[in-house]
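Peer 1: Got a structure here, written out as structure tokens. Questions coming.
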Amino acid sequence: MSDEPESVSVSVTRGVTPDSLLHTGASDNPSPEDLVLASGRDLTPKNLQWAERRLAREGRSAIDKALP
């Protein structure tokens with residue numbers, strides 16, 4: 001067993017990130033903050049308003065589209 005975190009040791013040994021690290025958690029309801037951060041933006045009032053509108057329009061798929 002390696003002392004490194006799973007994401008590091010797996011990516012080095014197999015070149016693949018495990019599914020447990022890729023899933024966004026479909027059972028969760030993402031918040032506007034989650035969407036802003038997932039899209040790489042800063043948490044500002046303007047970006048939070050953008051995220052609220054996008055979540056209202058697209059629902060859960062908005063955050064799935066933001067993640068690789």
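Starting from 1 in every chain, residues are counted up; chains themselves are A, B, ... following the order of the structure tokens, and ligands are numbered from 1 as listed.
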May I have the residues within 8 Å of Leu67 (chain A) as a ChimeraX atom specification, using only C-alpha atoms and disregarding those fewer than 4 positions away in the same chain?

Peer 2: /A:38-39,63

Peer 1: Dump N, CA, C and O atoms for the selected residues as a PDB file, in the first residue's frame?

Peer 2:
```
ATOM      1  N   ALA A  38     -16.904  25.232  -9.541  1.00  0.00           N
ATOM      2  CA  ALA A  38     -16.678  24.199 -10.553  1.00  0.00           C
ATOM      3  C   ALA A  38     -16.331  24.813 -11.901  1.00  0.00           C
ATOM      4  O   ALA A  38     -15.620  24.208 -12.702  1.00  0.00           O
ATOM      5  N   SER A  39     -16.818  26.015 -12.152  1.00  0.00           N
ATOM      6  CA  SER A  39     -16.543  26.665 -13.431  1.00  0.00           C
ATOM      7  C   SER A  39     -15.253  27.480 -13.390  1.00  0.00           C
ATOM      8  O   SER A  39     -14.900  28.114 -14.380  1.00  0.00           O
ATOM      9  N   ILE A  63     -23.962  21.862 -13.408  1.00  0.00           N
ATOM     10  CA  ILE A  63     -22.664  21.590 -12.786  1.00  0.00           C
ATOM     11  C   ILE A  63     -21.948  20.455 -13.505  1.00  0.00           C
ATOM     12  O   ILE A  63     -20.736  20.467 -13.643  1.00  0.00           O
TER      13      ILE A  63
END
```

Peer 1: Which value, in Å to one decimal, gives the distance between CA of Asp28 (chain A) and CA of Arg60 (chain A)?

Peer 2: 8.5 Å

Peer 1: Please indicate the distance in Å from CA of Pro45 (chain A) to CA of Ser61 (chain A), rounded to one decimal place.

Peer 2: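 Atom-to-atom, CA of Pro45 (chain A) and CA of Ser61 (chain A) are spaced 21.9 Å apart.
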
Peer 1: Which residues, written as a list in words, have at least one atom at most 12 Å from region 29-37 of chain A, with only C-alpha atoms counted and residues fewer than 6 positions away on the same chain left out?

Peer 2: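 Near region 29-37 of chain A, the qualifying residues are Leu43, Thr44, Pro45, Lys46, Asn47, Leu48, Gln49, Trp50, Ala51, Glu52, Arg53, Arg54, Leu55, Ala56, Glu58, Gly59, Arg60, Ser61, Ala62, Ile63, Asp64, Lys65, Ala66 and Leu67 of chain A.
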